[in-house]
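Novice: The following file, start_22.cif, comprises mmCIF, C-alpha atoms:
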```cif
data_run
loop_
_atom_site.label_atom_id
_atom_site.label_comp_id
_atom_site.auth_asym_id
_atom_site.auth_seq_id
_atom_site.Cartn_x
_atom_site.Cartn_y
_atom_site.Cartn_z
CA MET A 1 -12.28 -9.16 -3.83
CA ALA A 2 -8.87 -7.58 -3.18
CA THR A 3 -8.40 -6.62 -6.83
CA ASP A 4 -11.67 -4.67 -7.09
CA TYR A 5 -11.41 -0.89 -6.85
CA ALA A 6 -14.44 -0.38 -4.60
CA THR A 7 -16.45 -2.41 -2.11
CA VAL A 8 -19.87 -3.98 -2.36
CA ALA A 9 -20.91 -1.97 0.71
CA THR A 10 -20.02 1.32 -1.02
CA LEU A 11 -21.82 0.26 -4.21
CA ARG A 12 -24.85 -0.79 -2.16
CA GLU A 13 -24.90 2.68 -0.56
CA MET A 14 -24.55 4.39 -3.96
CA LEU A 15 -27.54 2.43 -5.29
CA ASN A 16 -29.61 3.20 -2.16
CA VAL A 17 -29.80 -0.49 -1.27
CA PRO A 18 -30.27 -0.89 2.52
CA ALA A 19 -27.09 -1.99 4.30
CA ASP A 20 -28.81 -5.09 5.69
CA ASP A 21 -30.11 -6.20 2.26
CA THR A 22 -27.42 -8.60 1.06
CA SER A 23 -29.68 -10.40 -1.42
CA ARG A 24 -28.07 -8.60 -4.38
CA ASP A 25 -24.47 -8.85 -3.22
CA GLY A 26 -23.58 -11.54 -5.79
CA LEU A 27 -24.74 -9.35 -8.68
CA LEU A 28 -23.08 -6.28 -7.17
CA ALA A 29 -19.78 -8.13 -6.69
CA ARG A 30 -19.81 -9.30 -10.32
CA ALA A 31 -20.56 -5.77 -11.52
CA LEU A 32 -17.63 -4.42 -9.43
CA ALA A 33 -15.27 -7.06 -10.78
CA ALA A 34 -16.31 -6.37 -14.38
CA ALA A 35 -16.02 -2.60 -13.91
CA SER A 36 -12.57 -2.94 -12.32
CA ARG A 37 -11.25 -5.19 -15.09
CA GLY A 38 -12.81 -2.91 -17.73
CA ILE A 39 -10.88 0.02 -16.29
CA ASP A 40 -7.70 -2.08 -16.38
CA THR A 41 -8.30 -2.83 -20.05
CA ALA A 42 -9.15 0.78 -20.96
CA THR A 43 -6.10 2.25 -19.19
CA GLY A 44 -3.57 -0.48 -19.98
CA ARG A 45 -2.60 -0.79 -16.31
CA ARG A 46 -3.99 -2.08 -13.03
CA PHE A 47 -4.42 -0.19 -9.81
CA TYR A 48 -4.16 -2.93 -7.18
CA LEU A 49 -0.85 -3.93 -5.60
CA ASP A 50 0.49 -7.47 -5.76
CA ALA A 51 0.73 -9.10 -2.34
CA THR A 52 4.23 -10.43 -3.08
CA ALA A 53 7.09 -9.49 -5.39
CA SER A 54 7.54 -11.31 -8.69
CA ALA A 55 10.07 -11.04 -11.51
CA ARG A 56 9.56 -9.61 -14.99
CA VAL A 57 12.20 -9.47 -17.74
CA TYR A 58 12.65 -6.52 -20.10
CA ARG A 59 14.79 -6.02 -23.18
CA VAL A 60 16.63 -2.71 -23.14
CA ALA A 61 16.02 -2.18 -26.87
CA GLY A 62 12.91 -0.08 -27.41
CA ARG A 63 12.29 0.47 -23.68
CA THR A 64 14.83 3.19 -22.88
CA MET A 65 14.67 6.95 -23.08
CA CYS A 66 17.83 9.04 -22.92
CA ASP A 67 18.01 12.27 -20.97
CA GLU A 68 20.77 14.39 -19.41
CA ASP A 69 20.94 12.09 -16.36
CA GLY A 70 21.31 8.83 -18.28
CA GLU A 71 18.94 6.18 -19.63
CA GLN A 72 15.49 5.56 -18.25
CA LEU A 73 14.28 1.97 -18.63
CA LEU A 74 10.49 2.02 -18.89
CA VAL A 75 8.90 -0.67 -16.69
CA ASP A 76 5.41 -1.70 -15.68
CA ASP A 77 3.95 0.12 -12.67
CA ILE A 78 5.88 -0.67 -9.48
CA GLY A 79 3.83 0.04 -6.36
CA ALA A 80 6.26 -0.62 -3.49
CA ALA A 81 9.97 -0.22 -2.80
CA SER A 82 10.17 -3.28 -0.56
CA GLY A 83 11.42 -6.35 -2.39
CA LEU A 84 12.64 -4.33 -5.40
CA VAL A 85 15.60 -6.08 -7.04
CA VAL A 86 17.12 -5.08 -10.39
CA GLU A 87 19.46 -7.42 -12.30
CA THR A 88 21.05 -7.44 -15.74
CA GLY A 89 22.19 -10.40 -17.82
CA ALA A 90 20.41 -13.47 -19.13
CA ALA A 91 18.79 -16.63 -17.82
CA GLY A 92 21.14 -18.33 -15.38
CA ALA A 93 23.59 -15.43 -15.28
CA TRP A 94 21.92 -12.46 -13.61
CA SER A 95 23.97 -9.77 -11.84
CA VAL A 96 22.38 -7.47 -9.28
CA VAL A 97 22.72 -3.75 -10.01
CA THR A 98 22.31 -1.06 -7.38
CA ASP A 99 23.40 2.05 -9.27
CA TYR A 100 19.92 3.04 -10.42
CA GLU A 101 17.26 5.50 -9.29
CA THR A 102 13.51 5.11 -9.45
CA ALA A 103 11.47 7.61 -11.44
CA PRO A 104 9.47 9.75 -11.37
CA ASP A 105 11.03 11.30 -8.29
CA ASN A 106 9.04 10.73 -5.09
CA ALA A 107 6.39 8.74 -6.97
CA LEU A 108 5.65 6.29 -4.15
CA ALA A 109 5.49 9.09 -1.57
CA ARG A 110 2.81 10.78 -3.71
CA GLY A 111 0.80 7.56 -4.07
CA ARG A 112 1.89 7.04 -7.67
CA PRO A 113 3.85 4.10 -9.10
CA VAL A 114 7.46 3.96 -10.20
CA THR A 115 7.38 3.73 -14.00
CA SER A 116 11.06 3.81 -14.93
CA LEU A 117 14.52 3.05 -13.62
CA LEU A 118 17.27 5.59 -14.28
CA ARG A 119 20.88 4.54 -14.75
CA THR A 120 23.89 6.02 -16.55
CA SER A 121 23.63 3.21 -19.12
CA TRP A 122 21.72 -0.06 -19.31
CA GLY A 123 24.27 -1.58 -21.70
CA SER A 124 23.89 -2.74 -25.28
CA SER A 125 20.55 -3.07 -27.00
CA SER A 126 20.68 -6.86 -26.48
CA THR A 127 20.87 -6.48 -22.69
CA ARG A 128 18.04 -7.90 -20.63
CA VAL A 129 16.96 -6.53 -17.27
CA ARG A 130 15.10 -8.61 -14.68
CA VAL A 131 13.07 -6.58 -12.20
CA THR A 132 11.58 -8.20 -9.12
CA ALA A 133 8.92 -5.99 -7.55
CA GLN A 134 5.42 -5.66 -6.22
CA TRP A 135 3.60 -4.61 -9.38
CA GLY A 136 0.64 -2.25 -9.47
CA TRP A 137 -0.20 0.96 -7.63
CA PRO A 138 0.49 1.77 -3.97
CA ASP A 139 -3.16 2.79 -3.47
CA VAL A 140 -6.24 2.93 -5.65
CA PRO A 141 -6.65 6.58 -6.78
CA ASP A 142 -9.92 8.25 -5.76
CA GLU A 143 -10.84 8.85 -9.42
CA ILE A 144 -10.45 5.15 -10.22
CA GLU A 145 -12.63 4.15 -7.26
CA GLN A 146 -15.36 6.60 -8.32
CA ALA A 147 -15.18 5.51 -11.98
CA THR A 148 -15.50 1.89 -10.83
CA LEU A 149 -18.58 2.70 -8.76
CA ILE A 150 -20.25 4.59 -11.63
CA GLN A 151 -19.49 1.81 -14.11
CA ALA A 152 -20.50 -0.97 -11.69
CA ALA A 153 -23.82 0.78 -10.99
CA ARG A 154 -24.36 1.09 -14.73
CA LEU A 155 -23.57 -2.61 -15.26
CA TYR A 156 -25.84 -3.63 -12.39
CA ARG A 157 -28.73 -1.60 -13.82
CA ARG A 158 -28.04 -2.98 -17.30
CA LYS A 159 -30.11 -6.06 -16.44
CA ASP A 160 -33.14 -3.73 -16.52
CA SER A 161 -32.31 -2.23 -19.93
CA PRO A 162 -32.48 -4.96 -22.57
CA GLU A 163 -30.85 -4.17 -25.91
CA GLY A 164 -29.26 -1.04 -24.41
CA VAL A 165 -32.58 0.78 -24.19
CA THR A 166 -34.06 2.23 -21.03
CA GLY A 167 -37.06 4.42 -20.45
CA SER A 168 -39.10 6.47 -18.05
CA ALA A 169 -42.54 8.04 -18.03
CA GLU A 170 -40.93 11.48 -18.04
CA TRP A 171 -38.40 11.05 -20.89
CA GLY A 172 -39.71 8.10 -22.87
CA VAL A 173 -37.34 5.57 -24.42
CA VAL A 174 -33.61 6.40 -24.32
CA ARG A 175 -30.70 4.49 -25.87
CA LEU A 176 -27.72 4.14 -23.55
CA SER A 177 -24.41 5.52 -24.81
CA ARG A 178 -21.55 3.11 -25.35
CA ARG A 179 -19.16 4.96 -23.07
CA ASP A 180 -20.09 6.82 -19.90
CA PRO A 181 -18.59 10.32 -20.21
CA ASP A 182 -18.08 10.65 -16.45
CA VAL A 183 -16.17 7.37 -16.24
CA TRP A 184 -14.04 8.41 -19.20
CA ALA A 185 -13.31 11.85 -17.68
CA LEU A 186 -12.17 10.18 -14.44
CA ILE A 187 -9.85 7.62 -16.04
CA GLU A 188 -8.49 9.33 -19.17
CA HIS A 189 -5.39 10.84 -17.55
CA TYR A 190 -4.40 7.38 -16.23
CA ILE A 191 -4.37 5.81 -19.70
CA LEU A 192 -0.97 4.60 -20.87
CA PRO A 193 0.00 5.85 -24.34
CA GLY A 194 -1.22 3.41 -26.96
CA PHE A 195 -4.30 2.36 -24.97
CA GLY A 196 -7.86 3.69 -24.79
#
```
Write the structure described by the file as structure tokens, please.

Specialist:
Amino acid sequence: MATDYATVATLREMLNVPADDTSRDGLLARALAAASRGIDTATGRRFYLDATASARVYRVAGRTMCDEDGEQLLVDDIGAASGLVVETGAAGAWSVVTDYETAPDNALARGRPVTSLLRTSWGSSSTRVRVTAQWGWPDVPDEIEQATLIQAARLYRRKDSPEGVTGSAEWGVVRLSRRDPDVWALIEHYILPGFG
């Protein structure tokens, strides 16, 4: 699926499943989807890019940060410059604004999303801003893809560990931890404040 952060073929390779063995693809696809959405939930953001632009409305109050250059309006992750339209006003009376800058600087060129719009002033605290954009990330970061693969493999193998317990002849019975430390290490710097 286009919103998954890795492919079934890559997961199949990671699990040492032969490339021509597609008998488990349904289970693998479900594990990838669950791992991808779990990462979305843990980080408070999503790493796929919308196919088309859509509008979201923000209140200026509580979403702006002041700095020496003006006011930064914090927005959801914007993953592409094409189709980006910024308007102020209210329903039925929107006015296009063009005197803004995207921030952080060069975010899209570095494969990161735009997370704020900088302008001298966004107006009074009752002002609303409508942003039309392709939401998400320009590309799935390598760390997110790897975390998805690790978590999907863990979810796929979970069917063989009832009650969260697994075992081997060498180690005996082992209880699985709630959170994979490798997955957490890969995703923790992508977590939005207030999530995780």

Novice: With stretch 3-12 of chain A as the partner and 9 Å as the cut-off, tabulate the residues of stretch 118-148 of chain A that qualify, each row holding the nearest pair of atoms and their distance in Å to one decimal, using only C-alpha atoms, sorted by chain and rising number, as CSV.

Specialist:
```
residue,atom,partner,partner_atom,distance
A:Val140,CA,A:Tyr5,CA,6.5
A:Pro141,CA,A:Tyr5,CA,8.9
A:Ile144,CA,A:Tyr5,CA,7.0
A:Glu145,CA,A:Tyr5,CA,5.2
A:Gln146,CA,A:Ala6,CA,8.0
A:Thr148,CA,A:Tyr5,CA,6.3
```

Novice: Measure the distance from atom CA of A:Asp99 to atom CA of A:Arg119 in Å and round it to one decimal.

Specialist: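 According to the coordinates, atom CA of A:Asp99 and atom CA of A:Arg119 are separated by 6.5 Å.
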
Novice: Name the residues that the PyMOL selection byres ((chain A and resi 28) around 12) picks from the file above, as a ChimeraX atom specification, using the file's chain letters and numbers.

Specialist: /A:1,4,6-15,17,21-27,29-35,148-149,151-159

Novice: Applied to the shown file, which residues does the PyMOL selection byres ((chain A and resi 47) around 8) return, written as a PyMOL selection string?

Specialist: chain A and resi 5+40+45-46+48-49+136-141

Novice: Would you list the residues near (6.1, 3.5, -11.7) (no more than 9 Å away, in the coordinates of the file, using only C-alpha atoms) as a PyMOL selection string?

Specialist: chain A and resi 74-79+102-104+107-108+112-117+135-137

Novice: Would you list the contacts of A:Cys66 as a PyMOL selection string, taking every protein, DNA or RNA residue within 10 Å and counting only C-alpha atoms, but skipping same-chain residues closer than 6 positions in sequence?

Specialist: chain A and resi 72-73+118-121

Novice: Neighbouring residues of A:Arg130 were defined as those with any atom within 9 Å, considering all atoms listed in the file; residues of the same chain fewer than 3 positions away were excluded. Please report them as a ChimeraX atom specification.

Specialist: /A:55-59,85-90,94

Novice: So which one's closest to A:Val60, A:Thr127, A:Gln134, A:Pro193, A:Asp182? Using all atoms listed in the file, please.

Specialist: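 Answer, going by the shortest atom-to-atom distance: A:Thr127.
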
Novice: I need the residue nearest A:His189 from this list: A:Ser125, A:Ala81, A:Ala91, A:Ala42. Use only C-alpha atoms for the distance.

Specialist: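 Closest residue, counting only C-alpha atoms: A:Ala42.
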
Novice: Can you pull out every residue within 12 Å of A:Ala185, counting only C-alpha atoms, but drop anything in the same chain fewer than 6 positions away, and send it as a ChimeraX atom specification?

Specialist: /A:143-144,146-147,150,179,191

Novice: Looking at all atoms listed in the file, which of A:Glu101, A:Thr43, A:Glu68, A:Ala133 is the one that sits closest to A:Ala80?

Specialist: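 Ranking A:Glu101, A:Thr43, A:Glu68, A:Ala133 by distance to A:Ala80, first place goes to A:Ala133.
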
Novice: Box in all listed atoms of stretch 145-150 of chain A, axis-aligned, with 4 Å more on each side; write out centre and edge lengths in Å to one decimal as lines of an AutoDock Vina configuration file.

Specialist:
```
center_x = -16.4
center_y = 4.2
center_z = -9.6
size_x = 15.6
size_y = 12.7
size_z = 12.7
```

Novice: My list of candidates is A:Ala61, A:Leu186, A:Ala53, A:Val97. Which is closest to A:Ser126 when distances are computed with all atoms listed in the file?

Specialist: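 The answer is A:Ala61, which sits nearest to A:Ser126.
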
Novice: Could you please determine the separation between atom CA of A:Thr41 and atom CA of A:Asn106 in Å, to one decimal place?

Specialist: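 Separation of atom CA of A:Thr41 and atom CA of A:Asn106: 26.6 Å.
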
Novice: Find the distance between atom CA of A:Thr98 and atom CA of A:Val131 and write it in Å to one decimal.

Specialist: 11.8 Å

Novice: For stretch 29-105 of chain A of the block above, can you save C-alpha atoms as a JSON list (two decimals), in the first residue's frame?

Specialist:
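And here's result-v6.json as it stands now:
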```json
[["chain", "number", "residue", "atom", "x", "y", "z"],
["A", 29, "ALA", "CA", 1.12, -6.75, 4.30],
["A", 30, "ARG", "CA", -1.06, -6.53, 7.42],
["A", 31, "ALA", "CA", 2.01, -6.46, 9.65],
["A", 32, "LEU", "CA", 3.53, -3.64, 7.53],
["A", 33, "ALA", "CA", 0.31, -1.63, 7.67],
["A", 34, "ALA", "CA", 0.03, -2.06, 11.44],
["A", 35, "ALA", "CA", 3.69, -1.16, 11.99],
["A", 36, "SER", "CA", 3.38, 1.93, 9.78],
["A", 37, "ARG", "CA", 0.26, 3.18, 11.55],
["A", 38, "GLY", "CA", 1.83, 2.41, 14.94],
["A", 39, "ILE", "CA", 4.78, 4.63, 14.04],
["A", 40, "ASP", "CA", 2.34, 7.37, 12.99],
["A", 41, "THR", "CA", 0.61, 7.13, 16.36],
["A", 42, "ALA", "CA", 3.87, 7.06, 18.36],
["A", 43, "THR", "CA", 5.37, 10.07, 16.55],
["A", 44, "GLY", "CA", 2.23, 12.16, 16.10],
["A", 45, "ARG", "CA", 2.90, 12.56, 12.38],
["A", 46, "ARG", "CA", 2.85, 10.55, 9.17],
["A", 47, "PHE", "CA", 5.65, 10.04, 6.72],
["A", 48, "TYR", "CA", 3.81, 9.46, 3.43],
["A", 49, "LEU", "CA", 2.89, 12.31, 1.08],
["A", 50, "ASP", "CA", -0.68, 13.01, 0.03],
["A", 51, "ALA", "CA", -1.23, 12.51, -3.70],
["A", 52, "THR", "CA", -3.17, 15.77, -3.97],
["A", 53, "ALA", "CA", -3.35, 19.03, -2.05],
["A", 54, "SER", "CA", -6.12, 19.58, 0.50],
["A", 55, "ALA", "CA", -7.04, 22.47, 2.79],
["A", 56, "ARG", "CA", -6.66, 22.67, 6.56],
["A", 57, "VAL", "CA", -7.70, 25.63, 8.73],
["A", 58, "TYR", "CA", -5.67, 26.91, 11.69],
["A", 59, "ARG", "CA", -6.41, 29.49, 14.37],
["A", 60, "VAL", "CA", -3.51, 31.87, 14.90],
["A", 61, "ALA", "CA", -4.04, 31.86, 18.69],
["A", 62, "GLY", "CA", -1.81, 29.27, 20.32],
["A", 63, "ARG", "CA", -0.09, 28.27, 17.06],
["A", 64, "THR", "CA", 2.38, 31.14, 16.60],
["A", 65, "MET", "CA", 5.90, 31.67, 17.84],
["A", 66, "CYS", "CA", 7.49, 35.11, 17.70],
["A", 67, "ASP", "CA", 11.11, 35.60, 16.71],
["A", 68, "GLU", "CA", 13.21, 38.48, 15.33],
["A", 69, "ASP", "CA", 11.92, 37.83, 11.79],
["A", 70, "GLY", "CA", 8.22, 37.86, 12.64],
["A", 71, "GLU", "CA", 5.62, 35.25, 13.62],
["A", 72, "GLN", "CA", 5.91, 31.59, 12.75],
["A", 73, "LEU", "CA", 2.57, 29.82, 12.34],
["A", 74, "LEU", "CA", 3.04, 26.16, 13.27],
["A", 75, "VAL", "CA", 1.36, 23.85, 10.73],
["A", 76, "ASP", "CA", 1.16, 20.13, 10.12],
["A", 77, "ASP", "CA", 3.97, 18.64, 8.02],
["A", 78, "ILE", "CA", 3.92, 19.97, 4.45],
["A", 79, "GLY", "CA", 5.80, 17.69, 2.06],
["A", 80, "ALA", "CA", 5.71, 19.56, -1.26],
["A", 81, "ALA", "CA", 5.80, 23.16, -2.46],
["A", 82, "SER", "CA", 3.55, 22.51, -5.45],
["A", 83, "GLY", "CA", -0.06, 23.43, -4.79],
["A", 84, "LEU", "CA", 0.79, 25.37, -1.60],
["A", 85, "VAL", "CA", -1.75, 28.16, -1.06],
["A", 86, "VAL", "CA", -2.01, 30.25, 2.12],
["A", 87, "GLU", "CA", -5.10, 32.37, 2.87],
["A", 88, "THR", "CA", -6.36, 34.36, 5.84],
["A", 89, "GLY", "CA", -9.93, 35.22, 6.79],
["A", 90, "ALA", "CA", -12.99, 33.11, 7.51],
["A", 91, "ALA", "CA", -15.37, 30.79, 5.68],
["A", 92, "GLY", "CA", -16.56, 32.46, 2.49],
["A", 93, "ALA", "CA", -14.11, 35.36, 2.76],
["A", 94, "TRP", "CA", -10.59, 34.04, 2.30],
["A", 95, "SER", "CA", -7.79, 36.29, 1.00],
["A", 96, "VAL", "CA", -4.64, 34.82, -0.52],
["A", 97, "VAL", "CA", -1.39, 35.91, 1.13],
["A", 98, "THR", "CA", 1.99, 35.64, -0.55],
["A", 99, "ASP", "CA", 4.23, 37.51, 1.91],
["A", 100, "TYR", "CA", 5.28, 34.44, 3.87],
["A", 101, "GLU", "CA", 8.29, 32.14, 3.95],
["A", 102, "THR", "CA", 8.38, 28.43, 4.66],
["A", 103, "ALA", "CA", 10.42, 27.15, 7.58],
["A", 104, "PRO", "CA", 12.72, 25.57, 8.46],
["A", 105, "ASP", "CA", 14.91, 26.97, 5.69]]
```
